[in-house]
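Here the structure comes first, spelled out in structure tokens, and everything after it is commentary.
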Amino acid sequence: MRRLKELIIEKTILLNGFACIFFVVLIFFFLAKDGLALFRTISIRDFLFGQLWNPIAEPPQFGILPLFLGSFLVTLGATAISVPLGMACAIFIGEIAPRWMRELLKAGVELLAAIPSIVIGFVGMTMLGPMVKNIFHLPTGLTALTGSFALAFMAIPTIVSIMEDAISSVPRSYKEGSLALGATHWQTIYRVIIPAASSGIVAAIMLGIGRVIGETMAVMMLTGNASVMPRTILEPVRTMTATIAAEMGETVHGSEHYFALFALGLVLFAITFIINLIADAALHRKRK
Amino acid sequence: MVEVPLGKDKIVVRDLSIYYGNVAALKNVSFSVKDREILGVIGPANSGKTSFLRAMNRLNDLDLSSRVTGSILLNGKDVNREMDAEEVRKKVTMVFALPLPLPMSIFDNIAYGPRRHGTRDKKRLEEIVEKSLKAAFLWEEVKDRLSSSAMKLSGGQQQRLCIARTLAVDPEVILYDEPCSGLDPISTAKVEEAMFELKARYTQILVTNNVKQAARVGDRIAFFLMGELVEIDEADKIFTAPRDKRTGDYITGRFG
Amino acid sequence: MSLLMKLHFKMSQHTKQRIAFTILGLASAIVIVPVIVIFAILIQKGLPAINCQFLTAMPRMGMRAGGIFPAIMGTLYLVAGTIVVALPLGVLAAIYLVEYARQNFLTRMIEVAIVNLAGVPSVVYGLFGLGLFVIFLKLGVSIAAGSLTLAIMILPVIITSSKEALSSVPHSFREASLALGVSKWQTIRCVVLPNALPGILTGTILGISRAAGETAPILFTVAAFYLPRLPKSVFDQCMALPYHLYVLSTQVPNVKPALQYGTALVLVGMVFLLNFVAIVIRARIRSRKQW
């Protein structure tokens, strides 16, 4: 009896262990089930490379190129801001800051990570938007750049924490060896520590990018949501995530539009999946 | 429980080999342990002593790279084929090199085993705890603070607590894996005293690096070297007239 | 001459270092200052709006007046539902990975799956929840569907931190218990889990605080635009704080800013309270650790 109980418990645990694989497959399946239905009526080519997204036109247009470029532009901007800042912050925390400052900075970064994206979006809308508008003399402050700024700060905690891990796990002997040869602390940092931590740094950047691409609410509130082919970073754009969030509420279940949004979700899933695989491979290589 | 007549073989080891990956830790060892004796197992590091102990109560199951051939019979039953691991470990318990109290009170530490094995009655548990602590010569020192954390005891007390904890599950065989390696001479003496008293009821196997300790408490001595059993005999004989030259060399401190 | 050059070289290396460190310090300040600014703004503009009525009354006049009570309660319901689903699932998965799994291809696949689950965009979770729970399993737009969606989203957080907590329990504790003939599961239940519990709790709370603040996954699975009453069962829709803030700031014209900031402050306060509890527990484990 007792043995039977144990057996059942162990099998339950075993089953749970595979839950994650199951869920990933399930997510893929449910996205694909409805997403692929779109291609009964629209060619994959038109979907991926069509330059117009207009679900209410007659006939509806489901070209995701403007949305993809919108996501790309915002992500590029956010990466350009967050990677240098995050890296600097990680090095400062890991190598330079005195103990009390390190704890303070770490707490600050954790705090930043904890702010819900909707709140970042809200504060960005009321503060950052008008600022961008006034500085660049634009008709609207809700642009790709505004979104990039906000997203950069949402990616920074991810980047800082993973990079800081990578930097602090560089063996002490490397650092001491370099210092013993007469190199300055700064030379040691960029000649020895950063190269030694490189795979962790790659992982941090990839995960940061993954975070930015997937971000939804703040982007939806800050980028102006114009689904046109973006030309500059100072124009409103619309991202893939924001499109799903904004339009799903209005679609009819089983309509072409509904399928199109799932297909968009499938594209997003594929992109983040690849990014995460790269990041994981980088981290795994480091461990080996 | 199969009662084995006093002096008869409690444990029979036949052609026992233990491998970790491709490395053999123990090679084709055969001997037996008599009921209610203390078998001292001596030998230099990496001679296979600890591997033998861990095979004895199947703790080496936890190491996935390990493999055992040959057989160990307890009361005539093969521990690897005719018994399941928990049954073996309950009958053949182990006291580790370092004292390993669990992070709970003294009482809960002793009562841990019986509780898991289904004893729920509070009165019965109290009896077991008192009896076990007395048998391990710890009762007088801790009887007033049974509910305080076992982590606060001294090293020697912790080790005797671990002995008491193994006694509480009512084993037949107690294995000691260098139980005094971290203890001072006074604590060591107390642990040895406890082992001596336990002879009346239990079969004990003591693995030790300390030849003198083996001489003090062992009825018989087995000498292991590089995974082989060099010789096993009455303690007196081993220490006065060893048959193998290597045994004599080890005992007199020429190596190891 | 050459000595002078050497000296010059050395000087310039030190100047370089000073410049580099200053830049790094400034960059760190740039990261931290916005955090402080956001808080200052939220507190300055949100605090005046918060009073007893704001926290306990139903919204009125198309959400332009009244309180945010149903949104607060809705978020609490969702959080509770998420814990109920995610905690056992996550802890059992972590137990499997730490205590039972062998180092093989399958285990590696599970790890990859966890990493990927952590990286799936929140809005994609929303789509998934809509497709699976709302439509396929016919739960409808409901607390049940929303909680399940959020639970799967925070599963990686709980698994990762539970794994860490379980592996930090010394191996020797397990051996001590097993050597007494105690079975593996009982060893896990009676020795490993109690000692890993604080760490597991910390991770769970952090996961929950993330769930409480997310908007995208609940957009299509549970959130009600304007529902000035409390849900009656887990199959009801409900309002939720993050979605309410979204609605107030983008969907309803002429909302008093105080109402928006007040909602934002309550949301941030709730999330931070959870984080704070987690940090306190973590600090206590570190100081009380007995091994």
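How things are named: the first chain in the structure tokens is A, the next is B, and so on; residues count from 1 in each chain; ligands count from 1 in the order shown.
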
Leu180 in chain C environment, 12 Å, only C-alpha atoms, sequence neighbours closer than 2 positions dropped, as JSON, numbers by chain: {"B": [57, 58, 59, 85, 86, 87, 88, 89, 90, 91, 92, 93, 94, 95, 96, 109, 110, 111, 112, 113, 114, 115, 116, 117, 162, 163, 164, 165, 166, 167, 168, 169, 170, 171, 172, 173, 174, 175], "C": [173, 174, 175, 176, 177, 178, 182, 183, 184, 186, 187]}

Contacts of Ala260 in chain A within 6 Å, only C-alpha atoms, excl. fewer than 3 positions in-chain, as a ChimeraX atom specification: /A:38,257,263

For range 238-245 of chain C: contacts at 6 Å, only C-alpha atoms, fewer than 5 positions along chain excluded, given as a list in words: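 What passes the distance filter is Ala71, Ile72, Gly74, Thr75, Gly213, Thr215, Ala223, Ala224 and Pro231 of chain C.
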
Of the listed residues A:Leu277, A:Ile64, A:Leu181, A:Ile194, that which approaches chain C most closely, counting only C-alpha atoms: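 Smallest distance to chain C is found for A:Leu277.
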
Test item: residues at most 12 Å from Asp244 in chain B, only C-alpha atoms, excluding those fewer than 6 positions along its chain, as JSON, numbers by chain: {"B": [222, 223, 224, 225, 229, 230, 231, 232, 233, 237, 238, 250, 251]}

Picked from range 22-119 of chain C by DSSP as helix (DSSP H, G or I), as a VMD selection string: chain C and resid 22 to 49 52 to 56 69 to 100 105 to 119

All strand (DSSP E or B) positions in range 6-179 of chain A, as a ChimeraX atom specification: /A:53-54,61-62

Å distance separating CA of Ser32 in chain B from CA of Glu192 in chain B, one decimal place: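 Interatomic distance here is 22.7 Å.
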
Check which residues of chain C sit at most 7 Å from chain A using only C-alpha atoms, and return one row each with the closest pair of atoms and their distance in Å to one decimal, ordered by chain and rising number, as a tab-separated table.
residue	atom	partner	partner_atom	distance
C:Gln17	CA	A:Trp186	CA	5.3
C:Leu24	CA	A:Ala88	CA	5.0
C:Gly25	CA	A:Phe92	CA	6.4
C:Ala27	CA	A:Leu85	CA	5.6
C:Ser28	CA	A:Cys89	CA	4.6
C:Ile32	CA	A:Gly108	CA	6.0
C:Val35	CA	A:Leu112	CA	6.0
C:Leu89	CA	A:Asn16	CA	6.4
C:Leu92	CA	A:Ile13	CA	5.4
C:Ala93	CA	A:Gly17	CA	4.2
C:Tyr96	CA	A:Gly17	CA	5.3
C:Leu97	CA	A:Gly17	CA	6.5
C:Ile110	CA	A:Ile21	CA	5.8
C:Ala113	CA	A:Ile21	CA	5.3
C:Ile114	CA	A:Cys20	CA	5.9
C:Val115	CA	A:Asn276	CA	6.8
C:Asn116	CA	A:Asn276	CA	5.9
C:Leu117	CA	A:Val24	CA	6.4
C:Gly119	CA	A:Thr272	CA	6.4
C:Val120	CA	A:Phe269	CA	6.3
C:Pro121	CA	A:Gly214	CA	4.1
C:Ser122	CA	A:Gly214	CA	6.7
C:Val123	CA	A:Thr241	CA	6.5
C:Val124	CA	A:Gly265	CA	5.7
C:Leu127	CA	A:Phe262	CA	7.0
C:Phe128	CA	A:Ile27	CA	5.8
C:Gly131	CA	A:Phe30	CA	6.2
C:Leu132	CA	A:Phe30	CA	6.7
C:Trp185	CA	A:Glu6	CA	6.8
C:Gly213	CA	A:Pro116	CA	4.8
C:Glu214	CA	A:Pro116	CA	6.4
C:Thr215	CA	A:Ile118	CA	6.9
C:Ala216	CA	A:Met217	CA	6.6
C:Phe220	CA	A:Gly249	CA	6.7
C:Pro242	CA	A:Ile118	CA	6.4
C:Tyr246	CA	A:Ile118	CA	6.7
C:Ser249	CA	A:Phe122	CA	6.9
C:Ala264	CA	A:Val119	CA	6.2
C:Val268	CA	A:Ile115	CA	6.5

Straight-line distance linking CA of Leu138 in chain B with CA of Gly155 in chain B, stated in Å to one decimal: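 Value for the CA of Leu138 in chain B-CA of Gly155 in chain B distance: 12.4 Å.
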